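work.txt (compact mmCIF, C-alpha atoms and all ligand atoms) appears below.
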# COMPACT_ATOMS: atom_id res chain seq x y z
CA MET O 1 -116.17 -45.85 -22.40
CA THR O 2 -119.86 -46.56 -22.24
CA TYR O 3 -120.68 -43.09 -20.90
CA ILE O 4 -119.25 -41.41 -23.99
CA VAL O 5 -122.09 -40.87 -26.43
CA LYS O 6 -121.42 -40.52 -30.14
CA PRO O 7 -122.03 -36.98 -31.41
CA ARG O 8 -125.26 -36.71 -33.42
CA PHE O 9 -123.72 -34.40 -36.01
CA ARG O 10 -123.71 -35.83 -39.54
CA HIS O 11 -121.78 -34.29 -42.35
CA PRO O 12 -124.36 -33.37 -45.04
CA SER O 13 -122.31 -34.90 -47.84
CA LEU O 14 -121.91 -38.38 -46.31
CA PRO O 15 -122.47 -41.02 -49.01
CA THR O 16 -125.85 -42.74 -48.87
CA ASN O 17 -127.00 -46.16 -50.02
CA LYS O 18 -130.08 -46.85 -52.09
CA LEU O 19 -132.30 -46.56 -49.00
CA GLY O 20 -130.88 -43.11 -48.33
CA TYR O 21 -129.04 -44.28 -45.20
CA THR O 22 -125.48 -43.26 -44.38
CA HIS O 23 -122.88 -45.47 -42.75
CA ARG O 24 -123.80 -43.80 -39.43
CA ASP O 25 -127.22 -45.47 -39.61
CA TYR O 26 -125.49 -48.85 -39.29
CA GLU O 27 -123.29 -47.93 -36.34
CA GLY O 28 -123.81 -48.75 -32.68
CA ALA O 29 -122.40 -47.50 -29.38
CA ILE O 30 -118.73 -46.60 -28.92
CA SER O 31 -116.68 -49.78 -28.42
CA THR O 32 -115.29 -50.54 -24.97
CA LEU O 33 -112.92 -53.25 -26.25
CA CYS O 34 -109.13 -52.90 -25.98
CA ALA O 35 -107.62 -50.59 -28.61
CA GLY O 36 -106.45 -52.77 -31.51
CA CYS O 37 -108.71 -55.75 -30.70
CA GLY O 38 -109.46 -57.71 -33.88
CA HIS O 39 -113.14 -57.88 -32.95
CA ASP O 40 -113.62 -54.14 -33.66
CA SER O 41 -112.42 -54.68 -37.26
CA ILE O 42 -115.03 -57.42 -37.69
CA SER O 43 -117.73 -55.04 -36.43
CA ALA O 44 -116.53 -52.52 -39.03
CA ALA O 45 -116.77 -55.17 -41.77
CA ILE O 46 -120.32 -56.10 -40.67
CA MET O 47 -121.43 -52.44 -40.76
CA GLN O 48 -119.86 -51.94 -44.19
CA SER O 49 -121.53 -55.09 -45.54
CA CYS O 50 -125.00 -54.08 -44.31
CA PHE O 51 -124.56 -50.50 -45.56
CA GLU O 52 -123.43 -51.67 -49.01
CA LEU O 53 -126.24 -54.22 -49.25
CA ALA O 54 -128.67 -51.43 -48.20
CA LEU O 55 -130.33 -53.67 -45.63
CA PRO O 56 -133.03 -51.90 -43.62
CA PRO O 57 -131.54 -51.98 -40.09
CA HIS O 58 -134.89 -52.97 -38.56
CA ARG O 59 -134.90 -56.14 -40.70
CA ILE O 60 -131.74 -57.45 -39.02
CA ALA O 61 -131.58 -59.45 -35.78
CA LYS O 62 -128.18 -59.77 -34.10
CA LEU O 63 -127.73 -62.41 -31.43
CA SER O 64 -124.75 -63.34 -29.32
CA GLY O 65 -123.54 -65.27 -26.27
CA ILE O 66 -121.02 -64.07 -23.67
CA GLY O 67 -117.46 -62.83 -24.25
CA CYS O 68 -115.68 -59.77 -25.69
CA SER O 69 -116.80 -61.03 -29.11
CA SER O 70 -120.38 -61.43 -27.93
CA LYS O 71 -120.34 -57.85 -26.62
CA THR O 72 -119.64 -56.48 -30.09
CA PRO O 73 -123.27 -56.36 -31.37
CA THR O 74 -123.68 -53.37 -29.04
CA TYR O 75 -121.10 -51.58 -31.19
CA PHE O 76 -122.80 -52.04 -34.55
CA LEU O 77 -126.32 -51.90 -36.00
CA GLY O 78 -127.76 -49.86 -33.15
CA ARG O 79 -131.14 -49.72 -34.91
CA SER O 80 -131.49 -53.47 -35.32
CA HIS O 81 -133.01 -56.10 -33.05
CA GLY O 82 -130.51 -57.49 -30.55
CA PHE O 83 -130.40 -60.30 -28.02
CA ASN O 84 -127.43 -61.02 -25.80
CA SER O 85 -128.03 -64.57 -24.60
CA VAL O 86 -126.30 -66.86 -22.09
CA HIS O 87 -122.74 -68.19 -22.65
CA GLY O 88 -122.83 -70.66 -25.56
CA ARG O 89 -126.60 -70.48 -26.05
CA MET O 90 -126.86 -68.04 -28.94
CA PRO O 91 -127.62 -70.77 -31.54
CA SER O 92 -130.77 -72.08 -29.85
CA VAL O 93 -132.13 -68.56 -29.26
CA LEU O 94 -131.39 -67.69 -32.89
CA THR O 95 -133.03 -70.93 -34.10
CA GLY O 96 -136.19 -70.14 -32.13
CA ALA O 97 -136.34 -66.55 -33.36
CA ASN O 98 -135.79 -67.68 -36.95
CA LEU O 99 -138.56 -70.27 -36.72
CA ALA O 100 -140.95 -67.62 -35.38
CA ASN O 101 -140.05 -64.99 -37.97
CA ARG O 102 -138.24 -66.06 -41.12
CA ASP O 103 -138.37 -62.55 -42.60
CA LEU O 104 -135.37 -61.12 -40.70
CA VAL O 105 -131.68 -61.44 -41.50
CA TYR O 106 -130.15 -63.39 -38.60
CA LEU O 107 -126.64 -62.54 -37.55
CA GLY O 108 -125.14 -64.75 -34.82
CA VAL O 109 -121.94 -63.40 -33.30
CA SER O 110 -119.89 -65.63 -31.04
CA GLY O 111 -116.41 -66.34 -29.74
CA ASP O 112 -114.22 -69.43 -29.86
CA GLY O 113 -114.91 -70.02 -26.16
CA ASP O 114 -118.61 -69.40 -26.65
CA SER O 115 -118.86 -71.78 -29.65
CA ALA O 116 -116.05 -74.33 -29.30
CA SER O 117 -116.25 -74.96 -25.53
CA ILE O 118 -119.50 -74.39 -23.64
CA GLY O 119 -121.59 -73.95 -26.80
CA LEU O 120 -120.12 -76.72 -28.96
CA GLY O 121 -123.35 -78.77 -28.94
CA GLN O 122 -125.42 -75.73 -29.85
CA PHE O 123 -122.97 -74.79 -32.61
CA ALA O 124 -123.22 -78.30 -34.06
CA HIS O 125 -126.99 -78.57 -34.11
CA CYS O 126 -127.84 -75.21 -35.64
CA LEU O 127 -125.43 -75.90 -38.51
CA ARG O 128 -126.65 -79.44 -39.17
CA ARG O 129 -130.26 -78.24 -39.15
CA GLY O 130 -129.50 -75.59 -41.77
CA VAL O 131 -130.79 -72.57 -39.86
CA ASP O 132 -130.82 -69.61 -42.27
CA MET O 133 -128.28 -67.31 -40.63
CA VAL O 134 -124.81 -65.83 -40.74
CA TYR O 135 -122.85 -67.38 -37.88
CA ILE O 136 -119.59 -65.51 -37.19
CA VAL O 137 -117.00 -66.75 -34.71
CA GLU O 138 -114.47 -64.10 -33.73
CA ASN O 139 -111.66 -66.56 -33.09
CA ASN O 140 -108.71 -65.46 -30.92
CA GLY O 141 -107.81 -68.80 -29.35
CA VAL O 142 -108.48 -67.51 -25.83
CA TYR O 143 -111.21 -66.52 -23.43
CA GLY O 144 -110.48 -62.80 -23.77
CA LEU O 145 -113.17 -61.56 -21.40
CA THR O 146 -111.99 -63.76 -18.51
CA LYS O 147 -108.33 -62.79 -18.94
CA GLY O 148 -106.81 -65.06 -21.55
CA GLN O 149 -107.21 -68.76 -20.71
CA PHE O 150 -106.72 -71.05 -23.75
CA SER O 151 -109.87 -71.85 -25.65
CA ALA O 152 -110.50 -75.10 -27.51
CA THR O 153 -109.38 -73.57 -30.83
CA ALA O 154 -105.84 -72.79 -29.61
CA ASP O 155 -103.26 -74.76 -31.57
CA LYS O 156 -101.20 -77.39 -29.79
CA GLY O 157 -97.82 -75.85 -28.94
CA SER O 158 -99.21 -72.31 -29.03
CA LYS O 159 -98.39 -69.99 -26.13
CA THR O 160 -100.30 -67.01 -24.76
CA ARG O 161 -98.55 -63.88 -23.48
CA ARG O 162 -98.16 -65.06 -19.89
CA GLY O 163 -99.46 -68.62 -19.99
CA PRO O 164 -97.92 -72.07 -20.48
CA VAL O 165 -97.69 -73.94 -23.80
CA ASN O 166 -101.02 -75.42 -24.92
CA THR O 167 -100.92 -79.22 -24.89
CA ASP O 168 -104.50 -79.90 -26.05
CA SER O 169 -105.47 -80.70 -29.64
CA PRO O 170 -107.34 -77.85 -31.31
CA ILE O 171 -110.91 -77.87 -32.58
CA ASP O 172 -111.12 -76.51 -36.12
CA LEU O 173 -114.58 -74.95 -36.37
CA VAL O 174 -114.36 -74.74 -40.16
CA ALA O 175 -113.65 -78.48 -40.43
CA LEU O 176 -116.56 -79.15 -38.06
CA ALA O 177 -118.91 -76.86 -40.01
CA LEU O 178 -118.05 -78.74 -43.21
CA GLN O 179 -118.61 -82.08 -41.55
CA LEU O 180 -121.90 -80.92 -40.01
CA GLY O 181 -123.42 -79.86 -43.33
CA ALA O 182 -123.21 -76.04 -43.32
CA SER O 183 -123.90 -74.85 -46.87
CA TYR O 184 -121.63 -71.76 -46.87
CA VAL O 185 -118.31 -72.06 -45.06
CA ALA O 186 -115.56 -69.46 -45.02
CA ARG O 187 -112.55 -68.36 -43.04
CA SER O 188 -111.04 -64.93 -42.93
CA PHE O 189 -108.85 -62.64 -40.86
CA SER O 190 -109.96 -59.52 -39.00
CA GLY O 191 -107.01 -57.68 -40.55
CA ASP O 192 -108.25 -58.33 -44.11
CA LYS O 193 -111.41 -56.29 -44.67
CA GLN O 194 -111.07 -56.67 -48.42
CA GLN O 195 -111.57 -60.40 -48.06
CA LEU O 196 -114.00 -60.28 -45.13
CA VAL O 197 -116.61 -57.82 -46.45
CA PRO O 198 -117.57 -59.80 -49.59
CA LEU O 199 -117.57 -63.02 -47.54
CA ILE O 200 -120.08 -61.47 -45.10
CA LYS O 201 -122.22 -60.07 -47.93
CA GLY O 202 -122.28 -63.45 -49.68
CA ALA O 203 -123.22 -65.13 -46.38
CA ILE O 204 -126.07 -62.68 -45.74
CA GLU O 205 -127.55 -63.42 -49.15
CA HIS O 206 -127.03 -67.16 -48.76
CA LYS O 207 -130.15 -69.19 -47.98
CA GLY O 208 -129.15 -71.67 -45.28
CA ALA O 209 -126.50 -72.06 -42.60
CA ALA O 210 -123.54 -69.79 -43.39
CA PHE O 211 -120.54 -70.03 -41.11
CA ILE O 212 -117.54 -67.67 -41.08
CA ASP O 213 -114.58 -68.30 -38.81
CA VAL O 214 -112.67 -65.03 -38.48
CA VAL O 215 -109.24 -65.18 -36.89
CA SER O 216 -109.31 -62.12 -34.65
CA PRO O 217 -106.21 -61.54 -32.52
CA CYS O 218 -106.61 -60.65 -28.84
CA VAL O 219 -104.03 -57.90 -28.36
CA ALA O 220 -104.24 -58.13 -24.56
CA PHE O 221 -103.52 -61.85 -24.11
CA ASN O 222 -102.68 -63.67 -27.34
CA ASN O 223 -100.81 -61.50 -29.84
CA ASN O 224 -97.28 -62.64 -28.96
CA ALA O 225 -94.81 -64.31 -31.35
CA GLU O 226 -95.51 -67.84 -30.01
CA SER O 227 -99.24 -67.60 -30.72
CA THR O 228 -100.75 -68.95 -33.94
CA LYS O 229 -103.65 -66.48 -33.53
CA SER O 230 -101.46 -63.36 -33.60
CA PHE O 231 -101.55 -60.69 -36.33
CA GLU O 232 -97.98 -61.54 -37.32
CA TYR O 233 -98.55 -65.30 -37.55
CA VAL O 234 -101.75 -65.08 -39.60
CA ARG O 235 -100.24 -62.53 -42.00
CA ALA O 236 -97.22 -64.80 -42.54
CA HIS O 237 -99.24 -68.04 -42.96
CA ASN O 238 -102.41 -66.88 -44.71
CA ASP O 239 -103.15 -69.31 -47.54
CA ALA O 240 -106.09 -67.73 -49.42
CA VAL O 241 -107.64 -70.24 -51.86
CA ASN O 242 -109.79 -67.67 -53.65
CA GLN O 243 -110.85 -64.06 -53.65
CA LEU O 244 -114.53 -63.24 -53.66
CA ASP O 245 -116.44 -60.51 -55.49
CA PHE O 246 -120.03 -60.22 -54.40
CA MET O 247 -122.72 -58.74 -56.64
CA VAL O 248 -126.45 -58.33 -56.14
CA GLU O 249 -128.59 -59.55 -59.02
CA HIS O 250 -128.90 -56.36 -61.03
CA GLU O 251 -125.25 -55.29 -60.82
CA GLU O 252 -123.29 -55.23 -64.04
CA ILE O 253 -120.24 -57.47 -64.21
CA THR O 254 -117.48 -55.17 -65.38
CA ALA O 255 -114.11 -56.73 -64.53
CA ASP O 256 -112.49 -58.97 -67.12
CA TYR O 257 -110.57 -62.06 -66.09
CA ALA O 258 -108.67 -64.75 -67.93
CA PRO O 259 -110.93 -67.74 -68.76
CA GLY O 260 -110.82 -70.37 -66.05
CA ALA O 261 -109.55 -67.89 -63.46
CA VAL O 262 -113.04 -66.95 -62.31
CA GLU O 263 -116.04 -69.01 -61.35
CA THR O 264 -119.52 -67.53 -61.08
CA VAL O 265 -121.91 -68.93 -58.48
CA VAL O 266 -125.53 -67.78 -58.56
CA GLN O 267 -127.24 -67.98 -55.16
CA HIS O 268 -130.88 -68.69 -54.33
CA ASP O 269 -131.87 -64.99 -54.38
CA GLY O 270 -130.05 -64.26 -57.65
CA SER O 271 -127.00 -62.67 -56.02
CA ILE O 272 -123.72 -63.57 -57.67
CA LEU O 273 -120.49 -64.76 -56.12
CA ARG O 274 -117.47 -64.38 -58.38
CA LEU O 275 -114.63 -66.52 -57.18
CA ARG O 276 -111.22 -65.55 -58.41
CA LYS O 277 -109.25 -68.72 -58.02
CA LEU O 278 -105.89 -68.28 -56.38
CA HIS O 279 -105.42 -72.05 -56.23
CA PRO O 280 -106.84 -73.31 -59.55
CA GLU O 281 -107.15 -76.86 -58.19
CA TYR O 282 -109.26 -75.83 -55.16
CA ASP O 283 -112.92 -76.77 -55.64
CA PRO O 284 -115.31 -74.94 -53.23
CA HIS O 285 -118.15 -77.34 -54.15
CA ASP O 286 -116.41 -80.47 -52.93
CA ARG O 287 -116.97 -80.86 -49.18
CA VAL O 288 -114.66 -83.83 -48.72
CA SER O 289 -111.71 -82.47 -50.64
CA ALA O 290 -112.12 -79.12 -48.84
CA MET O 291 -111.79 -80.98 -45.52
CA THR O 292 -108.71 -82.84 -46.73
CA TYR O 293 -107.09 -79.65 -48.02
CA LEU O 294 -107.74 -77.85 -44.73
CA ALA O 295 -106.28 -80.70 -42.66
CA GLN O 296 -103.17 -80.91 -44.85
CA ARG O 297 -102.51 -77.17 -44.78
CA HIS O 298 -103.16 -76.94 -41.02
CA ALA O 299 -100.61 -79.71 -40.44
CA SER O 300 -98.02 -77.56 -42.19
CA GLY O 301 -98.93 -74.50 -40.11
CA GLU O 302 -100.94 -72.62 -42.78
CA VAL O 303 -104.21 -70.79 -42.11
CA VAL O 304 -106.50 -71.45 -45.09
CA THR O 305 -108.84 -68.53 -45.86
CA GLY O 306 -111.46 -67.61 -48.46
CA LEU O 307 -114.80 -69.11 -49.43
CA LEU O 308 -114.05 -72.73 -48.64
CA TYR O 309 -117.39 -74.33 -49.48
CA VAL O 310 -120.66 -73.22 -51.00
CA GLU O 311 -123.80 -75.11 -51.94
CA PRO O 312 -126.17 -72.42 -53.22
CA ASP O 313 -129.34 -74.55 -53.39
CA HIS O 314 -128.99 -76.60 -50.21
CA GLY O 315 -132.10 -75.06 -48.58
CA ASP O 316 -132.75 -74.12 -44.97
CA LEU O 317 -134.61 -75.35 -41.90
CA HIS O 318 -137.93 -73.83 -43.02
CA HIS O 319 -137.62 -75.60 -46.35
CA PHE O 320 -136.82 -78.93 -44.64
CA LEU O 321 -139.70 -78.59 -42.14
CA ASP O 322 -142.11 -77.23 -44.75
CA THR O 323 -143.20 -74.43 -42.43
CA VAL O 324 -145.71 -71.71 -43.17
CA GLU O 325 -144.33 -68.74 -45.18
CA THR O 326 -145.91 -66.12 -42.92
CA PRO O 327 -144.05 -65.13 -39.75
CA LEU O 328 -145.89 -66.49 -36.68
CA ASN O 329 -146.56 -63.00 -35.30
CA GLU O 330 -148.53 -62.19 -38.46
CA LEU O 331 -150.85 -65.20 -38.26
CA ASN O 332 -154.29 -64.57 -36.85
CA GLU O 333 -155.95 -66.55 -34.07
CA ALA O 334 -157.96 -68.79 -36.39
CA GLU O 335 -154.77 -69.73 -38.27
CA LEU O 336 -152.80 -70.35 -35.09
CA CYS O 337 -155.61 -72.28 -33.40
CA PRO O 338 -157.66 -73.99 -36.13
CA GLY O 339 -159.99 -75.82 -33.74
CA ASN O 340 -160.74 -79.33 -32.45
CA THR O 341 -161.69 -80.93 -35.77
CA MET O 342 -158.30 -80.02 -37.23
CA LEU O 343 -156.54 -81.19 -34.06
CA ASP O 344 -158.38 -84.54 -34.16
CA ARG O 345 -157.46 -84.97 -37.82
CA TYR O 346 -153.83 -84.13 -37.10
CA ASN O 347 -153.66 -86.54 -34.15
CA ALA O 348 -155.30 -89.27 -36.24
CA SER O 349 -152.61 -88.82 -38.92
CA HIS O 350 -149.99 -89.86 -36.34
CA ARG O 351 -151.74 -93.02 -35.14
C1 LIG F 401 -122.16 -70.31 -17.89
C2 LIG F 401 -120.92 -69.45 -17.90
N1 LIG F 401 -119.71 -70.03 -17.71
C3 LIG F 401 -118.60 -69.26 -17.72
C4 LIG F 401 -118.69 -67.91 -17.90
C5 LIG F 401 -117.43 -67.08 -17.86
N2 LIG F 401 -117.05 -66.61 -19.18
C6 LIG F 401 -117.45 -65.42 -19.63
S1 LIG F 401 -116.88 -65.08 -21.16
C7 LIG F 401 -116.05 -66.56 -21.20
C8 LIG F 401 -115.23 -66.96 -22.39
C9 LIG F 401 -115.27 -66.02 -23.54
O1 LIG F 401 -114.41 -66.45 -24.54
P1 LIG F 401 -114.79 -66.27 -26.06
O2 LIG F 401 -116.14 -66.78 -26.35
O3 LIG F 401 -113.68 -66.85 -26.85
O4 LIG F 401 -114.85 -64.69 -26.23
P2 LIG F 401 -113.68 -63.60 -26.29
O5 LIG F 401 -113.80 -62.88 -24.98
O6 LIG F 401 -112.39 -64.29 -26.44
O7 LIG F 401 -114.03 -62.75 -27.45
C10 LIG F 401 -116.24 -67.29 -20.04
C11 LIG F 401 -115.64 -68.61 -19.78
C12 LIG F 401 -119.99 -67.35 -18.09
N3 LIG F 401 -120.16 -66.04 -18.30
N4 LIG F 401 -121.08 -68.14 -18.07
S1 LIG F 402 -109.29 -58.80 -23.88
FE1 LIG F 402 -108.70 -59.45 -25.94
S2 LIG F 402 -110.62 -60.06 -26.93
FE2 LIG F 402 -111.16 -58.80 -25.14
S3 LIG F 402 -111.31 -56.70 -25.92
FE3 LIG F 402 -109.21 -56.95 -25.18
S4 LIG F 402 -108.06 -57.58 -27.00
FE4 LIG F 402 -110.22 -57.90 -27.47
MG MG F 403 -112.06 -65.95 -27.69
Translate the structure of the given file into structure tokens.
Ligand SMILES: Cc1ncc(C[n+]2csc(CCOP(=O)(O)OP(=O)(O)O)c2C)c(N)n1
Ligand code: SF4
Ligand SMILES: [Mg+2]
Amino acid sequence: MTYIVKPRFRHPSLPTNKLGYTHRDYEGAISTLCAGCGHDSISAAIMQSCFELALPPHRIAKLSGIGCSSKTPTYFLGRSHGFNSVHGRMPSVLTGANLANRDLVYLGVSGDGDSASIGLGQFAHCLRRGVDMVYIVENNGVYGLTKGQFSATADKGSKTRRGPVNTDSPIDLVALALQLGASYVARSFSGDKQQLVPLIKGAIEHKGAAFIDVVSPCVAFNNNAESTKSFEYVRAHNDAVNQLDFMVEHEEITADYAPGAVETVVQHDGSILRLRKLHPEYDPHDRVSAMTYLAQRHASGEVVTGLLYVEPDHGDLHHFLDTVETPLNELNEAELCPGNTMLDRYNASHR
């Protein structure tokens, strides 16, 4: 309930990160979602990722659209910047904010209705432009907030708790993200924090458009046996292609693996992704074969999870547009408005 305020008491021996913050410093308000909703587990994974990465909360901007999923930023990172936009419009607001201030970590949180129906165009363009962000879709196959209508990601033949069988073909947001040029693409399951936390950490440190589709069952409307977005179905059909260990640059690599079983990917900022291959033939650097693999496995009813594609040096929108390094709010008037001579020269360069 929104009127219940979290107690301020903090146990003195709570573990702290290297900034001296405890997990409590990354929390938000008490969740008003249904008990057992997958979205709350994703919020927990986001908080854990930011705590472990020791991100200063005021350097994070969380943006969302409309839906139960889009409500969740209220329930985590209460000390960060937040903007709850219009249904399906989170990507354009995030793009604008990122262009104005490239120094924040941008976290876009959306739902399958928000991103695959009303916001599909926005979803497409922010990924193809390479906006530097972590874009998370909390995917339950339904419009949870408006009482469980099928969304565009519901599988054909799937059935909600009280609804009819879905006859429409599904949109696979991961396949779209790959096709659109996202440079970090993953899928996970809200019930698998061990897989989800390193995927989120890797995405935060990735420079460019990082997309994570998280299957997140809606316990109120779409967690029945005939649904392919239920806890039971995903647990039974989860085909993980790899397992990710995430390390920041200075961390020592301690675990020992058999040669060939692990691949090390160094990202733009020096952070390290260690991919333990569960399917030795799966290549997360090959966009086309990733798309083929996904389509084949989906046809046989499997839900492919893990880090599906990564291109560490792809670059981001600022790199492509060659924008100024300094955030716009830190530029002075002379830099923002360099005068008529400069304007004339600029106009002349376009004639
Ligand atoms: C312009 C507009 N159209 C429709 C709605 C009604 N509406 C609110 S949330 C929602 C769907 C939410 O589904 P999803 O994004 O999957 O989030 P979930 O609740 O399932 O987490 C709809 C259709 C709205 N708020 N604004
Ligand atoms: S209606 Fe569904 S998506 Fe919304 S809070 Fe309840 S379980 Fe979660
Ligand atoms: Mg939904």
What residues have an atom no more than 6 Å from (-108.0, -61.3, -24.8) in the file's own frame, counting all atoms listed in the file, and can you write them as a list in words?
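Using all atoms listed in the file, the matching residues come out as Gly144, Gly148, Cys218, Ala220 and Phe221 of chain O.
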Write out as a JSON list (two decimals) with C-alpha atoms, keeping the file's coordinate frame which residues come within 10 Å of Val248 (chain O) when counting only C-alpha atoms, dropping same-chain ones fewer than 6 positions away.
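Saved result, part-v1.json, follows:
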[["chain", "number", "residue", "atom", "x", "y", "z"],
["O", 53, "LEU", "CA", -126.24, -54.22, -49.25],
["O", 201, "LYS", "CA", -122.22, -60.07, -47.93],
["O", 202, "GLY", "CA", -122.28, -63.45, -49.68],
["O", 205, "GLU", "CA", -127.55, -63.42, -49.15],
["O", 266, "VAL", "CA", -125.53, -67.78, -58.56],
["O", 267, "GLN", "CA", -127.24, -67.98, -55.16],
["O", 269, "ASP", "CA", -131.87, -64.99, -54.38],
["O", 270, "GLY", "CA", -130.05, -64.26, -57.65],
["O", 271, "SER", "CA", -127.00, -62.67, -56.02],
["O", 272, "ILE", "CA", -123.72, -63.57, -57.67],
["O", 273, "LEU", "CA", -120.49, -64.76, -56.12]]
Between atom O2 of ligand LIG 401 (chain F) and CA of Asn139 (chain O) lies a distance of 8.1 Å
Ligand LIG 401 (chain F) neighbours within 6 Å using only C-alpha atoms and all ligand atoms, as a CSV table (one decimal) with C-alpha atoms, in the frame of the given file:
chain,number,residue,atom,x,y,z
O,66,ILE,CA,-121.0,-64.1,-23.7
O,67,GLY,CA,-117.5,-62.8,-24.2
O,68,CYS,CA,-115.7,-59.8,-25.7
O,69,SER,CA,-116.8,-61.0,-29.1
O,87,HIS,CA,-122.7,-68.2,-22.6
O,111,GLY,CA,-116.4,-66.3,-29.7
O,112,ASP,CA,-114.2,-69.4,-29.9
O,113,GLY,CA,-114.9,-70.0,-26.2
O,114,ASP,CA,-118.6,-69.4,-26.6
O,140,ASN,CA,-108.7,-65.5,-30.9
O,142,VAL,CA,-108.5,-67.5,-25.8
O,143,TYR,CA,-111.2,-66.5,-23.4
O,144,GLY,CA,-110.5,-62.8,-23.8
O,145,LEU,CA,-113.2,-61.6,-21.4
O,146,THR,CA,-112.0,-63.8,-18.5
Next item on the list: Do a neighbour search on Arg79 (chain O) at 9 Å with all atoms listed in the file, toss out local chain neighbours closer than 4 positions, and write the hits as a PyMOL selection string.
Entry: chain O and resi 25-28+57-58+60
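Going from CA of Asn222 (chain O) to CA of Thr160 (chain O) covers 4.8 Å.
With all atoms listed in the file as the basis for measurement, O:Ala116 is the residue among O:Ala261, O:Tyr184, O:Lys18, O:Ala116 that approaches Gly88 (chain O) most closely.
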Where atoms are lacking, region 115-126 of chain O completed to N, CA, C and O atoms, as a PDB file, in the coordinates of the input:
ATOM      1  N   SER O 115    -118.397 -70.771 -28.685  1.00  0.00           N
ATOM      2  CA  SER O 115    -118.860 -71.780 -29.650  1.00  0.00           C
ATOM      3  C   SER O 115    -118.109 -73.103 -29.584  1.00  0.00           C
ATOM      4  O   SER O 115    -118.681 -74.144 -29.884  1.00  0.00           O
ATOM      5  N   ALA O 116    -116.813 -73.077 -29.222  1.00  0.00           N
ATOM      6  CA  ALA O 116    -116.050 -74.330 -29.300  1.00  0.00           C
ATOM      7  C   ALA O 116    -115.937 -75.019 -27.941  1.00  0.00           C
ATOM      8  O   ALA O 116    -115.537 -76.179 -27.870  1.00  0.00           O
ATOM      9  N   SER O 117    -116.287 -74.311 -26.849  1.00  0.00           N
ATOM     10  CA  SER O 117    -116.250 -74.960 -25.530  1.00  0.00           C
ATOM     11  C   SER O 117    -117.680 -75.152 -25.051  1.00  0.00           C
ATOM     12  O   SER O 117    -118.348 -76.086 -25.455  1.00  0.00           O
ATOM     13  N   ILE O 118    -118.189 -74.206 -24.266  1.00  0.00           N
ATOM     14  CA  ILE O 118    -119.500 -74.390 -23.640  1.00  0.00           C
ATOM     15  C   ILE O 118    -120.625 -74.548 -24.663  1.00  0.00           C
ATOM     16  O   ILE O 118    -121.598 -75.257 -24.431  1.00  0.00           O
ATOM     17  N   GLY O 119    -120.488 -73.919 -25.829  1.00  0.00           N
ATOM     18  CA  GLY O 119    -121.590 -73.950 -26.800  1.00  0.00           C
ATOM     19  C   GLY O 119    -121.375 -74.906 -27.959  1.00  0.00           C
ATOM     20  O   GLY O 119    -122.049 -74.786 -28.988  1.00  0.00           O
ATOM     21  N   LEU O 120    -120.450 -75.860 -27.803  1.00  0.00           N
ATOM     22  CA  LEU O 120    -120.120 -76.720 -28.960  1.00  0.00           C
ATOM     23  C   LEU O 120    -121.340 -77.510 -29.459  1.00  0.00           C
ATOM     24  O   LEU O 120    -121.545 -77.649 -30.665  1.00  0.00           O
ATOM     25  N   GLY O 121    -122.156 -78.007 -28.536  1.00  0.00           N
ATOM     26  CA  GLY O 121    -123.350 -78.770 -28.940  1.00  0.00           C
ATOM     27  C   GLY O 121    -124.320 -77.877 -29.684  1.00  0.00           C
ATOM     28  O   GLY O 121    -124.889 -78.263 -30.710  1.00  0.00           O
ATOM     29  N   GLN O 122    -124.489 -76.668 -29.201  1.00  0.00           N
ATOM     30  CA  GLN O 122    -125.420 -75.730 -29.850  1.00  0.00           C
ATOM     31  C   GLN O 122    -124.910 -75.361 -31.246  1.00  0.00           C
ATOM     32  O   GLN O 122    -125.677 -75.295 -32.206  1.00  0.00           O
ATOM     33  N   PHE O 123    -123.609 -75.112 -31.328  1.00  0.00           N
ATOM     34  CA  PHE O 123    -122.970 -74.790 -32.610  1.00  0.00           C
ATOM     35  C   PHE O 123    -123.278 -75.916 -33.611  1.00  0.00           C
ATOM     36  O   PHE O 123    -123.716 -75.675 -34.737  1.00  0.00           O
ATOM     37  N   ALA O 124    -123.061 -77.150 -33.162  1.00  0.00           N
ATOM     38  CA  ALA O 124    -123.220 -78.300 -34.060  1.00  0.00           C
ATOM     39  C   ALA O 124    -124.655 -78.400 -34.584  1.00  0.00           C
ATOM     40  O   ALA O 124    -124.882 -78.560 -35.783  1.00  0.00           O
ATOM     41  N   HIS O 125    -125.621 -78.282 -33.694  1.00  0.00           N
ATOM     42  CA  HIS O 125    -126.990 -78.570 -34.110  1.00  0.00           C
ATOM     43  C   HIS O 125    -127.601 -77.488 -34.989  1.00  0.00           C
ATOM     44  O   HIS O 125    -128.382 -77.798 -35.885  1.00  0.00           O
ATOM     45  N   CYS O 126    -127.232 -76.227 -34.770  1.00  0.00           N
ATOM     46  CA  CYS O 126    -127.840 -75.210 -35.640  1.00  0.00           C
ATOM     47  C   CYS O 126    -127.248 -75.309 -37.052  1.00  0.00           C
ATOM     48  O   CYS O 126    -127.926 -75.026 -38.034  1.00  0.00           O
TER      49      CYS O 126
END
